[in-house]
>>> print(open('structure22.txt').read())   # compact mmCIF, C-alpha atoms and all ligand atoms
# COMPACT_ATOMS: atom_id res chain seq x y z
CA MET A 169 9.78 -10.23 6.64
CA ILE A 170 10.75 -6.62 5.99
CA ARG A 171 13.21 -5.05 8.38
CA VAL A 172 13.84 -1.32 8.34
CA GLU A 173 17.07 -0.39 10.11
CA ASP A 174 17.79 3.14 11.32
CA LEU A 175 16.30 4.74 8.22
CA HIS A 176 16.77 8.43 7.51
CA ARG A 177 15.33 10.55 4.75
CA HIS A 178 16.12 14.22 4.98
CA PHE A 179 14.89 17.04 2.76
CA GLY A 180 17.62 19.66 3.08
CA GLY A 181 17.93 20.17 6.82
CA PHE A 182 14.48 18.69 7.53
CA ARG A 183 14.42 15.11 8.87
CA ALA A 184 11.14 13.65 7.54
CA VAL A 185 12.32 10.15 8.53
CA ASP A 186 14.78 10.40 11.39
CA GLY A 187 16.19 7.02 12.38
CA ALA A 188 13.11 4.78 12.02
CA SER A 189 13.59 1.07 12.80
CA LEU A 190 10.74 -1.42 12.50
CA THR A 191 9.82 -4.92 11.37
CA ILE A 192 6.90 -6.05 9.24
CA GLU A 193 6.42 -9.75 9.96
CA THR A 194 5.54 -12.07 7.10
CA GLY A 195 1.81 -12.88 7.20
CA SER A 196 0.88 -9.82 9.27
CA ILE A 197 -1.41 -6.91 8.52
CA THR A 198 0.70 -4.23 10.14
CA GLY A 199 -0.84 -0.81 10.69
CA LEU A 200 1.26 2.34 10.42
CA ILE A 201 -0.27 5.36 12.10
CA GLY A 202 0.90 8.73 13.33
CA PRO A 203 -0.02 12.40 13.25
CA ASN A 204 0.12 14.37 9.99
CA GLY A 205 3.69 14.91 8.90
CA ALA A 206 5.04 12.02 11.04
CA GLY A 207 6.94 10.64 8.04
CA LYS A 208 4.73 7.65 7.19
CA SER A 209 4.41 8.28 3.43
CA THR A 210 8.09 9.20 3.18
CA LEU A 211 8.98 5.89 4.88
CA PHE A 212 6.74 4.06 2.36
CA ASN A 213 8.35 5.95 -0.52
CA VAL A 214 11.81 4.89 0.60
CA ILE A 215 10.87 1.23 1.19
CA ALA A 216 9.05 1.03 -2.17
CA GLY A 217 11.97 2.53 -4.10
CA ASP A 218 10.31 5.85 -4.98
CA LEU A 219 12.78 7.86 -2.87
CA ALA A 220 16.41 7.15 -2.06
CA PRO A 221 17.17 7.02 1.67
CA THR A 222 19.64 9.44 3.20
CA SER A 223 20.96 6.50 5.24
CA GLY A 224 19.83 3.21 6.75
CA ARG A 225 18.82 -0.14 5.31
CA VAL A 226 15.74 -2.07 4.19
CA ILE A 227 16.05 -5.86 4.35
CA MET A 228 13.52 -8.22 2.76
CA ASP A 229 13.78 -11.88 3.77
CA GLY A 230 17.47 -11.45 4.55
CA GLU A 231 18.27 -9.57 1.32
CA ASP A 232 19.33 -5.93 1.31
CA ILE A 233 16.82 -4.15 -0.96
CA THR A 234 17.73 -0.59 0.04
CA GLY A 235 17.34 1.82 -2.86
CA LEU A 236 16.18 -0.77 -5.40
CA PRO A 237 13.90 0.83 -8.01
CA PRO A 238 10.16 0.01 -7.97
CA HIS A 239 10.33 -2.39 -10.95
CA ALA A 240 13.03 -4.49 -9.24
CA LEU A 241 10.92 -4.63 -6.06
CA PHE A 242 7.86 -5.49 -8.16
CA HIS A 243 9.67 -8.62 -9.38
CA LYS A 244 10.33 -9.57 -5.75
CA GLY A 245 6.60 -9.25 -4.99
CA LEU A 246 6.82 -5.94 -3.10
CA LEU A 247 4.22 -3.42 -4.25
CA ARG A 248 2.71 -0.22 -2.98
CA THR A 249 -0.46 1.73 -3.67
CA PHE A 250 -0.65 5.51 -3.51
CA GLN A 251 -2.65 7.92 -1.38
CA LEU A 252 -4.20 9.04 -4.68
CA ALA A 253 -4.99 6.10 -6.94
CA HIS A 254 -2.98 5.90 -10.20
CA GLU A 255 -5.49 4.47 -12.63
CA PHE A 256 -5.58 4.91 -16.43
CA ALA A 257 -8.78 6.98 -16.54
CA SER A 258 -9.83 6.38 -20.14
CA MET A 259 -9.34 2.60 -20.00
CA THR A 260 -11.87 0.15 -18.61
CA VAL A 261 -11.43 -1.52 -15.26
CA ARG A 262 -10.51 -4.83 -16.87
CA GLU A 263 -8.04 -3.14 -19.23
CA ASN A 264 -6.42 -1.44 -16.24
CA LEU A 265 -5.93 -4.82 -14.58
CA MET A 266 -4.57 -6.34 -17.79
CA MET A 267 -1.95 -3.57 -18.08
CA VAL A 268 -0.23 -4.51 -14.85
CA PRO A 269 2.03 -7.47 -15.54
CA GLY A 270 3.85 -5.54 -18.33
CA GLY A 271 6.21 -7.05 -20.87
CA GLN A 272 3.39 -8.77 -22.77
CA THR A 273 4.46 -10.21 -26.09
CA GLY A 274 2.10 -7.86 -27.95
CA GLU A 275 4.02 -4.79 -26.96
CA THR A 276 6.52 -4.79 -29.83
CA ILE A 277 5.65 -4.28 -33.50
CA VAL A 278 7.62 -7.34 -34.64
CA ASN A 279 5.65 -9.53 -32.29
CA THR A 280 2.39 -8.04 -33.50
CA PHE A 281 3.16 -9.39 -36.99
CA PHE A 282 4.84 -12.69 -36.25
CA ARG A 283 3.42 -13.99 -33.01
CA ARG A 284 -0.28 -13.30 -33.21
CA GLY A 285 -1.33 -16.67 -31.82
CA ARG A 286 0.84 -16.28 -28.77
CA ILE A 287 -0.38 -12.73 -28.19
CA ALA A 288 -4.01 -13.83 -28.37
CA ARG A 289 -3.32 -16.63 -25.87
CA GLU A 290 -1.57 -14.24 -23.47
CA GLU A 291 -4.41 -11.74 -23.72
CA ALA A 292 -7.00 -14.43 -23.07
CA GLU A 293 -5.04 -15.58 -20.00
CA LEU A 294 -4.74 -12.01 -18.68
CA ALA A 295 -8.46 -11.40 -19.25
CA ARG A 296 -9.27 -14.62 -17.39
CA LYS A 297 -7.08 -13.58 -14.49
CA ALA A 298 -8.57 -10.07 -14.46
CA ASP A 299 -12.09 -11.54 -14.25
CA GLU A 300 -11.03 -13.76 -11.36
CA VAL A 301 -9.67 -10.67 -9.56
CA LEU A 302 -12.91 -8.75 -10.23
CA ASP A 303 -14.93 -11.65 -8.78
CA PHE A 304 -12.69 -11.82 -5.71
CA LEU A 305 -13.17 -8.09 -5.10
CA THR A 306 -16.93 -8.33 -5.84
CA ILE A 307 -16.70 -5.68 -8.58
CA ARG A 308 -17.34 -7.82 -11.66
CA HIS A 309 -20.18 -5.44 -12.57
CA LEU A 310 -17.55 -2.73 -13.16
CA THR A 311 -15.59 -4.75 -15.74
CA HIS A 312 -16.34 -2.44 -18.66
CA GLU A 313 -16.61 0.83 -16.72
CA LYS A 314 -14.03 3.47 -17.53
CA ALA A 315 -11.67 3.69 -14.54
CA GLY A 316 -12.01 7.48 -14.54
CA ASN A 317 -15.71 7.10 -13.65
CA LEU A 318 -15.08 5.03 -10.52
CA SER A 319 -15.68 6.39 -7.02
CA GLY A 320 -12.69 6.89 -4.71
CA GLY A 321 -13.36 3.58 -2.96
CA GLN A 322 -13.75 1.67 -6.21
CA LYS A 323 -10.41 3.09 -7.38
CA LYS A 324 -8.80 1.79 -4.18
CA LEU A 325 -10.28 -1.64 -4.88
CA LEU A 326 -8.87 -1.47 -8.42
CA GLU A 327 -5.42 -0.69 -6.96
CA LEU A 328 -5.73 -3.70 -4.70
CA GLY A 329 -6.78 -5.73 -7.74
CA ARG A 330 -3.64 -4.66 -9.59
CA THR A 331 -1.51 -6.19 -6.84
CA MET A 332 -3.41 -9.46 -7.34
CA MET A 333 -2.55 -9.58 -11.04
CA VAL A 334 1.10 -10.09 -10.14
CA ASP A 335 0.65 -12.27 -7.05
CA ALA A 336 2.27 -9.79 -4.72
CA LYS A 337 3.84 -10.96 -1.46
CA VAL A 338 4.08 -7.72 0.48
CA VAL A 339 1.76 -4.81 -0.21
CA PHE A 340 2.07 -1.29 1.19
CA LEU A 341 -1.28 0.52 1.21
CA ASP A 342 -1.16 4.29 1.62
CA GLU A 343 -4.35 5.74 3.13
CA VAL A 344 -6.55 3.07 1.70
CA GLY A 345 -9.65 4.47 3.42
CA ALA A 346 -9.28 8.18 2.59
CA GLY A 347 -12.51 9.50 1.06
CA VAL A 348 -14.07 6.04 0.92
CA ASN A 349 -17.67 5.49 2.09
CA ARG A 350 -18.38 3.04 4.95
CA THR A 351 -19.81 0.28 2.75
CA LEU A 352 -16.84 0.23 0.39
CA LEU A 353 -14.45 0.52 3.32
CA GLY A 354 -15.95 -2.73 4.60
CA THR A 355 -15.45 -4.33 1.17
CA ILE A 356 -11.82 -3.16 1.13
CA ALA A 357 -11.19 -4.44 4.67
CA ASP A 358 -12.76 -7.76 3.74
CA ALA A 359 -10.59 -8.08 0.60
CA ILE A 360 -7.44 -7.29 2.61
CA THR A 361 -8.35 -9.88 5.26
CA ARG A 362 -9.06 -12.56 2.66
CA LEU A 363 -5.89 -11.83 0.69
CA ASN A 364 -3.97 -12.14 3.94
CA ARG A 365 -5.62 -15.35 5.17
CA GLU A 366 -6.27 -17.17 1.92
CA ARG A 367 -3.31 -16.06 -0.20
CA GLY A 368 -0.67 -15.29 2.37
CA TYR A 369 -0.26 -11.60 1.53
CA THR A 370 1.60 -9.47 4.04
CA PHE A 371 0.25 -5.92 4.35
CA CYS A 372 1.50 -2.67 5.79
CA VAL A 373 -1.35 -0.18 5.95
CA ILE A 374 -1.18 3.59 6.53
CA GLU A 375 -4.58 4.84 7.63
CA HIS A 376 -6.00 7.63 9.78
CA ASP A 377 -9.31 5.83 10.46
CA MET A 378 -8.65 4.23 13.85
CA ASP A 379 -11.74 2.05 13.62
CA PHE A 380 -10.42 0.53 10.39
CA ILE A 381 -6.92 0.09 11.86
CA GLY A 382 -8.28 -1.40 15.09
CA LYS A 383 -10.36 -4.03 13.31
CA LEU A 384 -7.79 -4.94 10.67
CA CYS A 385 -4.26 -4.51 11.97
CA ASP A 386 -2.02 -6.34 14.39
CA PRO A 387 0.48 -5.05 15.27
CA VAL A 388 0.14 -1.29 14.96
CA ILE A 389 3.28 0.84 14.67
CA VAL A 390 3.09 4.51 15.63
CA MET A 391 5.39 7.08 14.05
CA ALA A 392 5.95 10.62 15.26
CA GLU A 393 8.52 13.15 14.07
CA GLY A 394 10.22 10.64 11.78
CA LYS A 395 10.75 7.99 14.46
CA VAL A 396 8.89 4.93 15.72
CA LEU A 397 7.17 5.99 18.92
CA ALA A 398 5.43 2.76 19.90
CA GLN A 399 4.37 -0.66 18.65
CA GLY A 400 1.75 -3.09 19.94
CA SER A 401 -1.81 -4.30 19.56
CA ALA A 402 -4.34 -1.64 18.55
CA SER A 403 -5.88 -1.59 22.03
CA ASP A 404 -2.48 -1.23 23.73
CA ILE A 405 -1.51 1.57 21.35
CA MET A 406 -4.71 3.46 21.99
CA GLN A 407 -4.07 3.52 25.73
CA ASN A 408 -0.40 4.45 25.39
CA GLU A 409 0.21 7.84 27.06
CA GLN A 410 3.02 8.82 24.67
CA VAL A 411 0.82 8.04 21.67
CA ILE A 412 -2.12 10.02 23.02
CA GLU A 413 0.29 12.87 23.72
CA ALA A 414 1.65 12.77 20.16
CA TYR A 415 -1.85 13.02 18.73
CA LEU A 416 -3.10 15.83 20.95
CA GLY A 417 -3.91 18.92 18.98
CA THR A 418 -3.48 17.21 15.62
CA GLY A 419 -7.15 16.66 14.85
CA LEU A 420 -7.41 12.98 15.80
CA LYS A 421 -9.41 13.07 19.03
CA ASN A 422 -8.55 10.93 21.98
CA LYS A 423 -12.04 9.43 22.00
CA ASP A 424 -11.61 8.24 18.38
CA MET A 425 -8.53 6.31 19.40
CA VAL A 426 -10.12 4.77 22.48
CA GLY A 427 -13.33 3.96 20.64
CA ALA A 428 -11.62 2.05 17.84
N1 LIG A 501 9.60 16.12 -1.20
C1 LIG A 501 9.58 16.75 -0.01
N2 LIG A 501 10.28 17.87 0.18
C2 LIG A 501 10.26 18.51 1.38
N3 LIG A 501 9.60 18.08 2.45
C3 LIG A 501 8.87 16.96 2.31
C4 LIG A 501 8.83 16.24 1.09
N4 LIG A 501 8.03 15.14 1.28
C5 LIG A 501 7.59 15.21 2.54
N5 LIG A 501 8.10 16.28 3.16
C6 LIG A 501 7.85 16.67 4.56
O1 LIG A 501 8.18 15.58 5.39
C7 LIG A 501 7.26 15.48 6.46
C8 LIG A 501 6.68 14.10 6.50
O2 LIG A 501 5.76 13.96 5.42
P1 LIG A 501 4.99 12.61 5.15
O3 LIG A 501 4.09 12.85 3.97
O4 LIG A 501 5.93 11.49 5.07
O5 LIG A 501 4.13 12.48 6.48
P2 LIG A 501 2.89 11.55 6.76
O6 LIG A 501 3.10 10.96 8.11
O7 LIG A 501 2.65 10.62 5.65
O8 LIG A 501 1.73 12.63 6.84
P3 LIG A 501 0.19 12.53 6.38
O9 LIG A 501 -0.47 11.63 7.37
O10 LIG A 501 -0.27 13.95 6.51
O11 LIG A 501 0.15 12.01 4.97
C9 LIG A 501 6.23 16.58 6.27
O12 LIG A 501 6.56 17.67 7.10
C10 LIG A 501 6.38 16.95 4.81
O13 LIG A 501 6.06 18.30 4.60
>>> encode(input="structure22.txt", output="structure tokens")
Amino acid sequence: MIRVEDLHRHFGGFRAVDGASLTIETGSITGLIGPNGAGKSTLFNVIAGDLAPTSGRVIMDGEDITGLPPHALFHKGLLRTFQLAHEFASMTVRENLMMVPGGQTGETIVNTFFRRGRIAREEAELARKADEVLDFLTIRHLTHEKAGNLSGGQKKLLELGRTMMVDAKVVFLDEVGAGVNRTLLGTIADAITRLNRERGYTFCVIEHDMDFIGKLCDPVIVMAEGKVLAQGSASDIMQNEQVIEAYLGTGLKNKDMVGA
């Protein structure tokens, strides 16, 4: 369980996150929605260690993890993906997956000379794991494709795959559906559901596509002006007067929310 307590992140006098408190239950796929500028990505950045909070706390399974750097959170199984995917463009999809665990024996020159057998074994194990991930995500056919050639949706799948290489526990997905076509969005939703049900992953998902959120997430947390405005099932949220009010004039039409 991740508990965010009275979190603030200010930029000068501007309160991007302004006293947000929320809980992400273990085993849930929690949606995080809100109008543009509500503070969702800033909240993610603080939880995932990319930004220091101005004040407040983040607790993971009873442990205070506030302000821990991303690599320390990574070792606790907390990972995030970015609104724009961070792939190594000139490397293949499989190589991208194999890069993730880090600290491989082959990374130092001394090891390259003296521990070749061990390095080969580690590489073979990583390649095996990468292939398993590619099968799970139904993108085995992209194994040798350069990551830079992938479509937006395929890059999002690769990011999800990277979290599988380290057996993440809690994954924060930032705008996983942005610029992704319907078919691939279905593949991504399916992968998230299976990771949740079959492997016990907990997810927190920022997404503007209410159809995607409605089908995938329970509960849904709504942020507005740096605070949590409401929390509940997707259908409750979409009928909530305060939520509808917060979205009015921001581009997300009322009918999109109700139709999701
Ligand atoms: N580094 C920064 N410096 C100054 N202001 C920032 C910075 N990062 C974010 N902000 C501001 O904080 C507010 C919240 O931004 P944030 O990206 O967290 O919102 P969001 O809910 O994720 O929006 P969107 O849905 O558009 O991605 C915005 O007004 C943004 O301009």
>>> residues_around(input="structure22.txt", residues="region 304-319 of chain A", least_positions_apart="5", cutoff="7 Å", atoms="all atoms listed in the file", output="compact mmCIF listing (two decimals) with C-alpha atoms, keeping the file's coordinate frame")
# COMPACT_ATOMS: atom_id res chain seq x y z
CA GLU A 255 -5.49 4.47 -12.63
CA PHE A 256 -5.58 4.91 -16.43
CA ALA A 257 -8.78 6.98 -16.54
CA SER A 258 -9.83 6.38 -20.14
CA MET A 259 -9.34 2.60 -20.00
CA THR A 260 -11.87 0.15 -18.61
CA VAL A 261 -11.43 -1.52 -15.26
CA ARG A 262 -10.51 -4.83 -16.87
CA ASP A 299 -12.09 -11.54 -14.25
CA ALA A 359 -10.59 -8.08 0.60
>>> residues_near_ligand(input="structure22.txt", ligand="ligand LIG 501 (chain A)", cutoff="6 Å", atoms="all atoms listed in the file", output="list in words")
Phe179, Ala184, Pro203, Asn204, Gly205, Ala206, Gly207, Lys208, Ser209 and Thr210 of chain A
>>> closest_residue(input="structure22.txt", among="A:Val344, A:Ile215, A:Leu416, A:Val172", to="Gly230 (chain A)", atoms="all atoms listed in the file")
A:Val172
>>> atom_distance(input="structure22.txt", atom1="CA of Arg225 (chain A)", atom2="CA of Asn213 (chain A)")
13.4 Å
>>> atom_distance(input="structure22.txt", atom1="CA of Asn349 (chain A)", atom2="CA of Gly321 (chain A)")
6.9 Å
>>> closest_residue(input="structure22.txt", among="A:Glu263, A:Asp404, A:Asp218, A:Asp379", to="Met333 (chain A)", atoms="all atoms listed in the file")
A:Glu263
>>> axis_aligned_box(input="structure22.txt", around="region 378-383 of chain A", padding_each_side="4 Å", output="AutoDock Vina command-line options")
--center_x -9.3 --center_y 0.1 --center_z 12.7 --size_x 12.8 --size_y 16.3 --size_z 12.7
>>> closest_residue(input="structure22.txt", among="A:Met267, A:Met406, A:Ala216, A:Met228", to="Glu291 (chain A)", atoms="all atoms listed in the file")
A:Met267
>>> closest_residue(input="structure22.txt", among="A:Val373, A:Val214, A:Leu326, A:Met332", to="His176 (chain A)", atoms="only C-alpha atoms")
A:Val214
>>> build_atoms(input="structure22.txt", residues="region 212-248 of chain A", atoms="N, CA and C atoms", output="PDB file, in the frame of the given file")
ATOM      1  N   PHE A 212       7.251   4.928   3.433  1.00  0.00           N
ATOM      2  CA  PHE A 212       6.740   4.060   2.360  1.00  0.00           C
ATOM      3  C   PHE A 212       7.510   4.305   1.065  1.00  0.00           C
ATOM      4  N   ASN A 213       7.682   5.599   0.740  1.00  0.00           N
ATOM      5  CA  ASN A 213       8.350   5.950  -0.520  1.00  0.00           C
ATOM      6  C   ASN A 213       9.768   5.403  -0.568  1.00  0.00           C
ATOM      7  N   VAL A 214      10.436   5.409   0.572  1.00  0.00           N
ATOM      8  CA  VAL A 214      11.810   4.890   0.600  1.00  0.00           C
ATOM      9  C   VAL A 214      11.787   3.357   0.482  1.00  0.00           C
ATOM     10  N   ILE A 215      10.916   2.698   1.249  1.00  0.00           N
ATOM     11  CA  ILE A 215      10.870   1.230   1.190  1.00  0.00           C
ATOM     12  C   ILE A 215      10.521   0.766  -0.227  1.00  0.00           C
ATOM     13  N   ALA A 216       9.547   1.465  -0.861  1.00  0.00           N
ATOM     14  CA  ALA A 216       9.050   1.030  -2.170  1.00  0.00           C
ATOM     15  C   ALA A 216       9.906   1.523  -3.336  1.00  0.00           C
ATOM     16  N   GLY A 217      11.024   2.167  -3.048  1.00  0.00           N
ATOM     17  CA  GLY A 217      11.970   2.530  -4.100  1.00  0.00           C
ATOM     18  C   GLY A 217      11.624   3.815  -4.842  1.00  0.00           C
ATOM     19  N   ASP A 218      10.664   4.591  -4.326  1.00  0.00           N
ATOM     20  CA  ASP A 218      10.310   5.850  -4.980  1.00  0.00           C
ATOM     21  C   ASP A 218      11.192   7.005  -4.536  1.00  0.00           C
ATOM     22  N   LEU A 219      11.861   6.832  -3.394  1.00  0.00           N
ATOM     23  CA  LEU A 219      12.780   7.860  -2.870  1.00  0.00           C
ATOM     24  C   LEU A 219      14.029   7.153  -2.358  1.00  0.00           C
ATOM     25  N   ALA A 220      15.181   7.740  -2.612  1.00  0.00           N
ATOM     26  CA  ALA A 220      16.410   7.150  -2.060  1.00  0.00           C
ATOM     27  C   ALA A 220      16.509   7.541  -0.575  1.00  0.00           C
ATOM     28  N   PRO A 221      16.984   6.630   0.272  1.00  0.00           N
ATOM     29  CA  PRO A 221      17.170   7.020   1.670  1.00  0.00           C
ATOM     30  C   PRO A 221      18.405   7.892   1.825  1.00  0.00           C
ATOM     31  N   THR A 222      18.426   8.697   2.867  1.00  0.00           N
ATOM     32  CA  THR A 222      19.640   9.440   3.200  1.00  0.00           C
ATOM     33  C   THR A 222      20.638   8.469   3.828  1.00  0.00           C
ATOM     34  N   SER A 223      20.137   7.596   4.700  1.00  0.00           N
ATOM     35  CA  SER A 223      20.960   6.500   5.240  1.00  0.00           C
ATOM     36  C   SER A 223      20.031   5.447   5.831  1.00  0.00           C
ATOM     37  N   GLY A 224      20.610   4.310   6.184  1.00  0.00           N
ATOM     38  CA  GLY A 224      19.830   3.210   6.750  1.00  0.00           C
ATOM     39  C   GLY A 224      19.597   2.106   5.730  1.00  0.00           C
ATOM     40  N   ARG A 225      18.979   1.016   6.199  1.00  0.00           N
ATOM     41  CA  ARG A 225      18.820  -0.140   5.310  1.00  0.00           C
ATOM     42  C   ARG A 225      17.404  -0.697   5.371  1.00  0.00           C
ATOM     43  N   VAL A 226      16.996  -1.320   4.239  1.00  0.00           N
ATOM     44  CA  VAL A 226      15.740  -2.070   4.190  1.00  0.00           C
ATOM     45  C   VAL A 226      16.089  -3.492   3.775  1.00  0.00           C
ATOM     46  N   ILE A 227      15.712  -4.454   4.605  1.00  0.00           N
ATOM     47  CA  ILE A 227      16.050  -5.860   4.350  1.00  0.00           C
ATOM     48  C   ILE A 227      14.758  -6.633   4.125  1.00  0.00           C
ATOM     49  N   MET A 228      14.700  -7.381   3.024  1.00  0.00           N
ATOM     50  CA  MET A 228      13.520  -8.220   2.760  1.00  0.00           C
ATOM     51  C   MET A 228      13.957  -9.673   2.753  1.00  0.00           C
ATOM     52  N   ASP A 229      13.427 -10.459   3.660  1.00  0.00           N
ATOM     53  CA  ASP A 229      13.780 -11.880   3.770  1.00  0.00           C
ATOM     54  C   ASP A 229      15.297 -12.092   3.716  1.00  0.00           C
ATOM     55  N   GLY A 230      16.020 -11.284   4.447  1.00  0.00           N
ATOM     56  CA  GLY A 230      17.470 -11.450   4.550  1.00  0.00           C
ATOM     57  C   GLY A 230      18.258 -10.742   3.454  1.00  0.00           C
ATOM     58  N   GLU A 231      17.567 -10.211   2.445  1.00  0.00           N
ATOM     59  CA  GLU A 231      18.270  -9.570   1.320  1.00  0.00           C
ATOM     60  C   GLU A 231      18.184  -8.049   1.453  1.00  0.00           C
ATOM     61  N   ASP A 232      19.309  -7.389   1.242  1.00  0.00           N
ATOM     62  CA  ASP A 232      19.330  -5.930   1.310  1.00  0.00           C
ATOM     63  C   ASP A 232      18.678  -5.345   0.048  1.00  0.00           C
ATOM     64  N   ILE A 233      17.529  -4.717   0.206  1.00  0.00           N
ATOM     65  CA  ILE A 233      16.820  -4.150  -0.960  1.00  0.00           C
ATOM     66  C   ILE A 233      16.831  -2.622  -0.931  1.00  0.00           C
ATOM     67  N   THR A 234      17.679  -2.050  -0.097  1.00  0.00           N
ATOM     68  CA  THR A 234      17.730  -0.590   0.040  1.00  0.00           C
ATOM     69  C   THR A 234      17.978   0.070  -1.313  1.00  0.00           C
ATOM     70  N   GLY A 235      17.106   1.013  -1.658  1.00  0.00           N
ATOM     71  CA  GLY A 235      17.340   1.820  -2.860  1.00  0.00           C
ATOM     72  C   GLY A 235      17.038   1.118  -4.176  1.00  0.00           C
ATOM     73  N   LEU A 236      16.530  -0.119  -4.132  1.00  0.00           N
ATOM     74  CA  LEU A 236      16.180  -0.770  -5.400  1.00  0.00           C
ATOM     75  C   LEU A 236      15.010  -0.015  -6.027  1.00  0.00           C
ATOM     76  N   PRO A 237      15.003   0.111  -7.368  1.00  0.00           N
ATOM     77  CA  PRO A 237      13.900   0.830  -8.010  1.00  0.00           C
ATOM     78  C   PRO A 237      12.595   0.019  -7.957  1.00  0.00           C
ATOM     79  N   PRO A 238      11.447   0.697  -8.104  1.00  0.00           N
ATOM     80  CA  PRO A 238      10.160   0.010  -7.970  1.00  0.00           C
ATOM     81  C   PRO A 238      10.019  -1.245  -8.842  1.00  0.00           C
ATOM     82  N   HIS A 239      10.542  -1.209 -10.086  1.00  0.00           N
ATOM     83  CA  HIS A 239      10.330  -2.390 -10.950  1.00  0.00           C
ATOM     84  C   HIS A 239      11.097  -3.607 -10.437  1.00  0.00           C
ATOM     85  N   ALA A 240      12.251  -3.360  -9.798  1.00  0.00           N
ATOM     86  CA  ALA A 240      13.030  -4.490  -9.240  1.00  0.00           C
ATOM     87  C   ALA A 240      12.279  -5.060  -8.028  1.00  0.00           C
ATOM     88  N   LEU A 241      11.679  -4.178  -7.234  1.00  0.00           N
ATOM     89  CA  LEU A 241      10.920  -4.630  -6.060  1.00  0.00           C
ATOM     90  C   LEU A 241       9.653  -5.362  -6.498  1.00  0.00           C
ATOM     91  N   PHE A 242       9.051  -4.876  -7.566  1.00  0.00           N
ATOM     92  CA  PHE A 242       7.860  -5.490  -8.160  1.00  0.00           C
ATOM     93  C   PHE A 242       8.148  -6.961  -8.468  1.00  0.00           C
ATOM     94  N   HIS A 243       9.325  -7.230  -9.040  1.00  0.00           N
ATOM     95  CA  HIS A 243       9.670  -8.620  -9.380  1.00  0.00           C
ATOM     96  C   HIS A 243       9.922  -9.469  -8.141  1.00  0.00           C
ATOM     97  N   LYS A 244      10.161  -8.818  -7.008  1.00  0.00           N
ATOM     98  CA  LYS A 244      10.330  -9.570  -5.750  1.00  0.00           C
ATOM     99  C   LYS A 244       8.998  -9.703  -5.018  1.00  0.00           C
ATOM    100  N   GLY A 245       7.930  -9.131  -5.600  1.00  0.00           N
ATOM    101  CA  GLY A 245       6.600  -9.250  -4.990  1.00  0.00           C
ATOM    102  C   GLY A 245       6.294  -8.153  -3.989  1.00  0.00           C
ATOM    103  N   LEU A 246       7.088  -7.061  -4.005  1.00  0.00           N
ATOM    104  CA  LEU A 246       6.820  -5.940  -3.100  1.00  0.00           C
ATOM    105  C   LEU A 246       6.177  -4.801  -3.901  1.00  0.00           C
ATOM    106  N   LEU A 247       4.964  -4.459  -3.533  1.00  0.00           N
ATOM    107  CA  LEU A 247       4.220  -3.420  -4.250  1.00  0.00           C
ATOM    108  C   LEU A 247       3.654  -2.413  -3.293  1.00  0.00           C
ATOM    109  N   ARG A 248       3.358  -1.229  -3.815  1.00  0.00           N
ATOM    110  CA  ARG A 248       2.710  -0.220  -2.980  1.00  0.00           C
ATOM    111  C   ARG A 248       1.559   0.408  -3.772  1.00  0.00           C
TER     112      ARG A 248
END
